[in-house]
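Trainee: Handing you a structure now.
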Amino acid sequence: MRVPSGSVDRANLVACLQRQARGCGLLGSPFYETVLGHLIGDVVADGPTWDVLQQYSGEPFDAAVALRFLGAVHRLVLDGRAPALARHYPSVGGDGDPDAAWANLRALLLSHGAALAAYLERPPQTNEVARTAALVGGFLTLARERALPLRLLEIGASAGLHLRFDRYRYDAGDLAFGDPASPVHFVGLWDGTPPFDATCTVAFRAGCDVDPVDPTTEEGRLTLTSYVWPDQKERLADLGGALEVAARVPANIARAAAPEWLGQNLAQPMTGVATVVFHSIVWQYLSAADRERVRRTIEEAGIRATAGAPLAWLRFEPSADRACAEVRLRSWPGGEDRLLARAGYHGRPVQWLAA
Ligand SMILES: C[S@@+](CC[C@H](N)C(=O)[O-])C[C@H]1O[C@@H](n2cnc3c(N)ncnc32)[C@H](O)[C@@H]1O
């Protein structure tokens, strides 16, 4: 649970909401951009938005107060507690009119302020399915080079939707990989083609997260959906399909911090599989000390790796200039690090760089 800083700072809150509004506009959510405009006006006018958000008003932008609030409202829309507002939310078949939504949202703030406040305490929890469209090339590169089934170990796994990557379909026109009948279908996202003709078997899927979400429960499904922006139909469809897959393909996600969990899972090399530690948009959430422990644990396990028990470290993390995400693969024996791809933060599109 997050403890708000307690300082009251209306100007800071307005600046954070404005910055988030710009971000939503740039990242393809005009609905949230306009809704945020109404929220800003209401904060300035001392309306119910200010009553609910006041205690978080001193929080920095990175605390994601705006996204926590929007997720909380979306949550009430999804679970049926805000039927009037739902008429305007595209995620539940509404008309997508953010101006018409505002009167209903204001009424919801007055009637359900306490329920919204409860969800505000939780950091946003998304599990971005389309990042697999970038990661898949790394898994397939490794499967081809090591010619062994993969043992997947994901840190910061959230609901573990990336651990089911082989159960989704990736279609680059000339080549495709994955289950043709999958409800998750990525088409034509790649500039350059990942090795979709490689043979790849997943032997083992496991992950850890300090705050995991169980995608097989209604509560978990609602949580994940609430943080997807309601007018982003592609992301909602990806998530809906991945939740269907998660219901039939098990993956164990431990409630654990990355350094300890990796230490246990990499204590001994495992023969007959290629072990791949991977993560996406997690590095920035680890403390400097934990990053160092994770790096050391992986590198020490790399020294123990053999051709029969190889190890790899696959990452989908921001580029140095933060302009995009990069997919990098380091693999032992050998230990060389390669830049495989660049991609959008949510996965789309992917520029495949490796030969
Ligand atoms: C931005 S989310 C990314 C989730 C997922 N990897 C994805 O790409 O959709 C970051 C995740 O890292 C988790 N996390 C943060 N600190 C962690 C730690 N020390 N150990 C394990 N997981 C952590 C969070 O709970 C959250 O699920």
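Labels used: A, B, ... for chains in the order of the structure tokens, numbers from 1 for residues in each chain, and numbers from 1 for ligands as shown.
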Got a sec to check which residues lie within 7 Å of ligand 1, using only C-alpha atoms and all ligand atoms, and send them as a list in words?
Mentor: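 Going residue by residue within 7 Å of ligand 1, we get Gln125, Thr126, Asn127, Glu128, Val129, Arg131, Ile155, Gly156, Ala157, Ser158, Cys208, Asp209, Val210, Asp211, Pro212, Ala256, Ala257, Ala258, His279, Ser280, Ile281, Val282, Tyr285, Leu286 and Asp290 of chain A.
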Trainee: Store the residues of this selection in a file with C-alpha atoms, as an mmCIF file, in the first residue's frame.
Mentor:
```cif
data_model
loop_
_atom_site.group_PDB
_atom_site.id
_atom_site.type_symbol
_atom_site.label_atom_id
_atom_site.label_comp_id
_atom_site.auth_asym_id
_atom_site.auth_seq_id
_atom_site.Cartn_x
_atom_site.Cartn_y
_atom_site.Cartn_z
ATOM 1 C CA GLN A 125 -0.755 -2.740 -12.584
ATOM 2 C CA THR A 126 -0.619 -3.387 -16.310
ATOM 3 C CA ASN A 127 0.667 -6.450 -18.100
ATOM 4 C CA GLU A 128 1.297 -5.271 -21.637
ATOM 5 C CA VAL A 129 0.617 -8.261 -23.892
ATOM 6 C CA ARG A 131 5.504 -6.634 -25.622
ATOM 7 C CA ILE A 155 11.015 -11.217 -12.974
ATOM 8 C CA GLY A 156 8.400 -8.481 -12.471
ATOM 9 C CA ALA A 157 5.991 -10.805 -14.269
ATOM 10 C CA SER A 158 2.755 -9.124 -13.111
ATOM 11 C CA CYS A 208 7.925 -13.585 -9.607
ATOM 12 C CA ASP A 209 6.445 -10.218 -8.744
ATOM 13 C CA VAL A 210 6.210 -8.204 -5.545
ATOM 14 C CA ASP A 211 2.533 -7.600 -6.351
ATOM 15 C CA PRO A 212 1.379 -10.393 -8.686
ATOM 16 C CA ALA A 256 8.641 -12.475 -4.237
ATOM 17 C CA ALA A 257 11.284 -9.854 -4.944
ATOM 18 C CA ALA A 258 13.489 -10.466 -7.967
ATOM 19 C CA HIS A 279 11.926 -8.919 -17.874
ATOM 20 C CA SER A 280 10.110 -6.018 -19.493
ATOM 21 C CA ILE A 281 9.858 -2.491 -18.072
ATOM 22 C CA VAL A 282 10.958 -3.671 -14.655
ATOM 23 C CA TYR A 285 11.414 -0.256 -10.447
ATOM 24 C CA LEU A 286 14.316 -2.097 -8.792
ATOM 25 C CA ASP A 290 18.596 -4.952 -6.224
#
```
Trainee: If we count only C-alpha atoms and set the cut-off at 8 Å, which residues sit around stretch 20-33 of chain A, ignoring sequence neighbours fewer than 4 positions away in its own chain? Please answer as a list in words.
Mentor: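 Residues near the query, excluding close chain neighbours: Cys16, Gly37, Ala66, Leu67, Gly96, Asp97, Pro98, Trp229, Pro230, Asp231 and Gln232 of chain A.
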Trainee: Which of these residues is nearest to A:Arg248, using only C-alpha atoms: A:Arg164, A:Arg235, A:Arg328, A:Arg322?
Mentor: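 Of the candidates, the smallest distance to A:Arg248 is held by A:Arg164.
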Trainee: As a PyMOL selection string, please: every residue in stretch 79-317 of chain A that a backbone DSSP assignment puts in strand (DSSP E).
Mentor: chain A and resi 150-155+169-171+176-178+185-187+190-191+202-209+252-255+274-280+311-317
Trainee: From the set A:Leu222, A:Ala143, A:Val202, A:Leu109, which residue has the shortest atom-to-atom contact distance to A:Gly80, counting only C-alpha atoms?
Mentor: A:Leu222
Trainee: DSSP on the backbone: what in stretch 30-239 of chain A comes out helix (DSSP H, G or I), as a PyMOL selection string?
Mentor: chain A and resi 30-44+48-56+61-63+65-78+83-86+90-92+98-111+113-120+129-146+161-167+218-226+233-239
Trainee: Return the single residue from A:Gln55, A:Gln351, A:Thr225, A:Thr306 that is closest to A:Gly335, with distances computed using only C-alpha atoms.
Mentor: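 Of A:Gln55, A:Gln351, A:Thr225, A:Thr306, the one nearest A:Gly335, counting only C-alpha atoms, is A:Thr306.
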Trainee: Contacts between stretch 308-319 of chain A and stretch 129-193 of chain A, please, where a residue of stretch 129-193 of chain A counts if it comes within 9 Å (with only C-alpha atoms); show its shortest atom pair and distance in Å to one decimal, rows by chain and ascending number, as JSON lines.
Mentor:
```
{"residue": "A:Arg131", "atom": "CA", "partner": "A:Phe316", "partner_atom": "CA", "distance": 7.8}
{"residue": "A:Ala134", "atom": "CA", "partner": "A:Phe316", "partner_atom": "CA", "distance": 7.8}
{"residue": "A:Leu135", "atom": "CA", "partner": "A:Phe316", "partner_atom": "CA", "distance": 6.9}
{"residue": "A:Gly138", "atom": "CA", "partner": "A:Leu314", "partner_atom": "CA", "distance": 6.8}
{"residue": "A:Phe139", "atom": "CA", "partner": "A:Leu314", "partner_atom": "CA", "distance": 8.0}
{"residue": "A:Leu142", "atom": "CA", "partner": "A:Ala312", "partner_atom": "CA", "distance": 7.8}
{"residue": "A:Arg146", "atom": "CA", "partner": "A:Pro310", "partner_atom": "CA", "distance": 7.5}
{"residue": "A:Leu148", "atom": "CA", "partner": "A:Gly308", "partner_atom": "CA", "distance": 8.5}
```
Trainee: Generate a file of the selected residues that holds N, CA and C atoms, formatted as a PDB file, in the first residue's frame.
Mentor:
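Result saved to again.pdb:
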```pdb
ATOM      1  N   ARG A 131       4.033  -6.580 -25.767  1.00  0.00           N
ATOM      2  CA  ARG A 131       5.504  -6.634 -25.622  1.00  0.00           C
ATOM      3  C   ARG A 131       6.039  -8.004 -26.039  1.00  0.00           C
ATOM      4  N   ALA A 134       7.722  -8.186 -29.392  1.00  0.00           N
ATOM      5  CA  ALA A 134       9.149  -7.842 -29.458  1.00  0.00           C
ATOM      6  C   ALA A 134      10.004  -8.920 -28.795  1.00  0.00           C
ATOM      7  N   LEU A 135       9.519  -9.456 -27.673  1.00  0.00           N
ATOM      8  CA  LEU A 135      10.299 -10.467 -26.943  1.00  0.00           C
ATOM      9  C   LEU A 135      10.404 -11.774 -27.715  1.00  0.00           C
ATOM     10  N   GLY A 138      13.539 -12.739 -29.418  1.00  0.00           N
ATOM     11  CA  GLY A 138      14.627 -13.132 -28.523  1.00  0.00           C
ATOM     12  C   GLY A 138      14.498 -14.592 -28.112  1.00  0.00           C
ATOM     13  N   PHE A 139      13.281 -14.998 -27.755  1.00  0.00           N
ATOM     14  CA  PHE A 139      13.075 -16.408 -27.381  1.00  0.00           C
ATOM     15  C   PHE A 139      13.426 -17.331 -28.555  1.00  0.00           C
ATOM     16  N   LEU A 142      17.173 -17.630 -29.292  1.00  0.00           N
ATOM     17  CA  LEU A 142      17.803 -18.526 -28.326  1.00  0.00           C
ATOM     18  C   LEU A 142      17.459 -19.998 -28.619  1.00  0.00           C
ATOM     19  N   ARG A 146      20.462 -22.597 -29.345  1.00  0.00           N
ATOM     20  CA  ARG A 146      20.779 -23.622 -28.333  1.00  0.00           C
ATOM     21  C   ARG A 146      20.127 -24.963 -28.636  1.00  0.00           C
ATOM     22  N   LEU A 148      17.419 -26.321 -27.698  1.00  0.00           N
ATOM     23  CA  LEU A 148      16.896 -26.975 -26.489  1.00  0.00           C
ATOM     24  C   LEU A 148      15.541 -26.344 -26.145  1.00  0.00           C
TER      25      LEU A 148
END
```
